[in-house]
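**Student:** The structure that follows is given in the form of C-alpha cells.
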Amino acid sequence: MSKALRRARKHLGRRGVILLILGVGKACWGASFLVNPPEPVGLQLLTQACGLRHWAWLWIVCGTVTAASAFARVGRDRIGFIAALIPPTVWAVAYMAAVITGDYSRGLWVAIWYLTSHVGVIMWAATVPEFSVPKPPRGQRDEAG
C-alpha cells in the first residue's frame, strides 16, 4: 500500500472508509439513472411525482453528502449515515406500495433486499466504533491528563 493511501486510510478511519464507499456507490447508482434510466417497474409511487431522472438526484445528492461525511470527525459523521439511509428507504417504500396496490408482486423481495442489504448494513455500520481515532495533539494530552 502506498504511503499516500495509508495516510488517507488512517485519516478516514473505519467509519470514514465505509461512508466513502457508500457515498461513491450511491452517487454512481444515481448517475446510472441519468445516463440510462431503467424501466420504472414497481416505482409507480415515485414516478407519479416525477421521472426517474429526477429521482436520480436523490441518490446523487445523498451519495455526495455521505461521501463528504467520510472526512468529518467521528461523532460528526452522523449526517452521512442519515443521508445514506434516505434513498434505499424511499425505494423500499415505493416497492412495498407497489406490492400493496398489486402493481408489482416482486416488489416485496426487492423491498426486503433494500431494507437488509442497504438500510440494515448502513444502520449496523453507523454503530461501528472507531478504534483508529488519532491521539490528540501533545498539548491537549497533557491538559487532559
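Labels used: A, B, ... for chains in the order of the C-alpha cells, numbers from 1 for residues in each chain, and numbers from 1 for ligands as shown.
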At a cut-off of 10 Å, using only C-alpha atoms, what residues contact Pro40 in chain A? Leave out same-chain residues fewer than 6 positions from it and give the result as a list in words.
**Tutor:**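 Here the qualifying residues turn out to be Leu46, Thr47, Gly51 and Leu52 of chain A.
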**Student:** Produce a file of the selected residues containing N, CA, C and O atoms, as a short mmCIF file (atom, residue, chain, number, x, y, z; two decimals), in the first residue's frame.
**Tutor:**
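Final output, out.cif:
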data_model
loop_
_atom_site.label_atom_id
_atom_site.label_comp_id
_atom_site.auth_asym_id
_atom_site.auth_seq_id
_atom_site.Cartn_x
_atom_site.Cartn_y
_atom_site.Cartn_z
N LEU A 46 -43.14 6.67 -6.95
CA LEU A 46 -42.18 7.74 -7.21
C LEU A 46 -42.46 8.43 -8.54
O LEU A 46 -42.41 9.66 -8.62
N THR A 47 -42.70 7.64 -9.57
CA THR A 47 -42.85 8.23 -10.91
C THR A 47 -44.16 8.99 -11.08
O THR A 47 -44.31 9.73 -12.05
N GLY A 51 -40.19 11.92 -12.91
CA GLY A 51 -39.50 10.84 -13.59
C GLY A 51 -38.27 10.34 -12.84
O GLY A 51 -37.77 10.99 -11.92
N LEU A 52 -37.80 9.16 -13.25
CA LEU A 52 -36.63 8.57 -12.60
C LEU A 52 -35.39 9.43 -12.74
O LEU A 52 -34.52 9.41 -11.87
#
**Student:** Find the spatial neighbours of Val119 in chain A, counting only C-alpha atoms, within a cut-off of 9 Å - ignore same-chain residues fewer than 2 positions away - and output them as a ChimeraX atom specification.
**Tutor:** /A:84-86,88-89,114-117,121-124
**Student:** Keeping only all heavy atoms, take the residues you just selected and write them out as a short mmCIF file (atom, residue, chain, number, x, y, z; two decimals), in the first residue's frame.
**Tutor:**
data_model
loop_
_atom_site.label_atom_id
_atom_site.label_comp_id
_atom_site.auth_asym_id
_atom_site.auth_seq_id
_atom_site.Cartn_x
_atom_site.Cartn_y
_atom_site.Cartn_z
N ALA A 84 -27.18 8.38 3.79
CA ALA A 84 -27.07 7.07 3.15
C ALA A 84 -28.36 6.28 3.27
O ALA A 84 -28.68 5.47 2.40
CB ALA A 84 -25.90 6.29 3.76
N LEU A 85 -29.10 6.49 4.34
CA LEU A 85 -30.34 5.75 4.57
C LEU A 85 -31.50 6.21 3.69
O LEU A 85 -32.40 5.42 3.38
CB LEU A 85 -30.78 5.88 6.03
CG LEU A 85 -29.99 5.09 7.05
CD1 LEU A 85 -30.37 5.52 8.47
CD2 LEU A 85 -30.24 3.60 6.87
N ILE A 86 -31.49 7.46 3.28
CA ILE A 86 -32.66 8.03 2.62
C ILE A 86 -33.02 7.34 1.29
O ILE A 86 -34.15 6.86 1.14
CB ILE A 86 -32.50 9.56 2.45
CG1 ILE A 86 -32.49 10.23 3.83
CG2 ILE A 86 -33.61 10.14 1.57
CD1 ILE A 86 -32.10 11.69 3.82
N PRO A 88 -32.30 4.30 -0.20
CA PRO A 88 -32.81 2.94 -0.17
C PRO A 88 -34.13 2.81 0.60
O PRO A 88 -34.95 1.96 0.28
CB PRO A 88 -31.69 2.12 0.48
CG PRO A 88 -30.86 3.10 1.21
CD PRO A 88 -31.00 4.40 0.46
N THR A 89 -34.32 3.68 1.59
CA THR A 89 -35.59 3.65 2.32
C THR A 89 -36.73 4.10 1.42
O THR A 89 -37.80 3.48 1.40
CB THR A 89 -35.51 4.54 3.58
OG1 THR A 89 -34.43 4.08 4.40
CG2 THR A 89 -36.79 4.53 4.35
N TYR A 114 -33.58 -4.12 -0.28
CA TYR A 114 -33.14 -2.76 0.08
C TYR A 114 -33.07 -2.59 1.59
O TYR A 114 -32.15 -1.98 2.12
CB TYR A 114 -34.08 -1.69 -0.51
CG TYR A 114 -33.70 -1.25 -1.89
CD1 TYR A 114 -34.48 -1.58 -2.99
CD2 TYR A 114 -32.57 -0.49 -2.11
CE1 TYR A 114 -34.14 -1.17 -4.27
CE2 TYR A 114 -32.21 -0.07 -3.37
CZ TYR A 114 -33.00 -0.41 -4.45
OH TYR A 114 -32.64 0.00 -5.71
N LEU A 115 -34.05 -3.15 2.31
CA LEU A 115 -34.09 -2.98 3.76
C LEU A 115 -32.98 -3.75 4.47
O LEU A 115 -32.52 -3.32 5.53
CB LEU A 115 -35.45 -3.39 4.30
CG LEU A 115 -36.59 -2.46 3.90
CD1 LEU A 115 -37.94 -3.05 4.31
CD2 LEU A 115 -36.41 -1.07 4.49
N THR A 116 -32.55 -4.87 3.91
CA THR A 116 -31.50 -5.65 4.57
C THR A 116 -30.11 -5.26 4.09
O THR A 116 -29.27 -4.86 4.88
CB THR A 116 -31.72 -7.16 4.36
OG1 THR A 116 -31.78 -7.45 2.97
CG2 THR A 116 -32.98 -7.63 5.06
N SER A 117 -29.87 -5.36 2.80
CA SER A 117 -28.52 -5.14 2.29
C SER A 117 -28.14 -3.67 2.19
O SER A 117 -26.97 -3.35 2.01
CB SER A 117 -28.34 -5.81 0.92
OG SER A 117 -29.12 -5.17 -0.05
N VAL A 121 -27.44 -2.71 6.65
CA VAL A 121 -25.97 -2.59 6.67
C VAL A 121 -25.56 -1.18 7.09
O VAL A 121 -24.61 -1.00 7.87
CB VAL A 121 -25.37 -2.98 5.30
CG1 VAL A 121 -23.90 -2.61 5.22
CG2 VAL A 121 -25.57 -4.46 5.05
N ILE A 122 -26.26 -0.18 6.60
CA ILE A 122 -25.93 1.20 6.96
C ILE A 122 -26.16 1.43 8.46
O ILE A 122 -25.33 2.04 9.14
CB ILE A 122 -26.74 2.21 6.12
CG1 ILE A 122 -26.32 2.12 4.65
CG2 ILE A 122 -26.59 3.64 6.66
CD1 ILE A 122 -27.32 2.74 3.68
N MET A 123 -27.27 0.91 8.97
CA MET A 123 -27.56 1.07 10.40
C MET A 123 -26.51 0.35 11.24
O MET A 123 -26.08 0.86 12.28
CB MET A 123 -28.97 0.60 10.71
CG MET A 123 -30.02 1.52 10.11
SD MET A 123 -31.70 0.94 10.34
CE MET A 123 -31.89 1.19 12.08
N TRP A 124 -26.07 -0.82 10.80
CA TRP A 124 -25.02 -1.53 11.51
C TRP A 124 -23.71 -0.72 11.45
O TRP A 124 -23.04 -0.54 12.47
CB TRP A 124 -24.81 -2.92 10.91
CG TRP A 124 -23.55 -3.54 11.41
CD1 TRP A 124 -23.35 -4.16 12.60
CD2 TRP A 124 -22.29 -3.55 10.72
NE1 TRP A 124 -22.04 -4.56 12.70
CE2 TRP A 124 -21.37 -4.19 11.57
CE3 TRP A 124 -21.85 -3.08 9.49
CZ2 TRP A 124 -20.04 -4.37 11.21
CZ3 TRP A 124 -20.53 -3.26 9.14
CH2 TRP A 124 -19.64 -3.90 9.98
#
**Student:** Quick one: DSSP alpha helix (DSSP H) residues in chain A, as a PyMOL selection string?
**Tutor:** chain A and resi 3-35+44-47+52-69+78-101+107-113+121-127+138-144
**Student:** What's the 10 Å shell around Trp91 in chain A, counting only C-alpha atoms, without same-chain residues fewer than 6 positions away, as a list of chain:residue names?
**Tutor:**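 Surrounding residues, per the criterion: A:Gly42, A:Leu43, A:Leu45, A:Leu46, A:Trp55, A:Ala97, A:Gly107, A:Val110, A:Ala111, A:Tyr114, A:Leu115.
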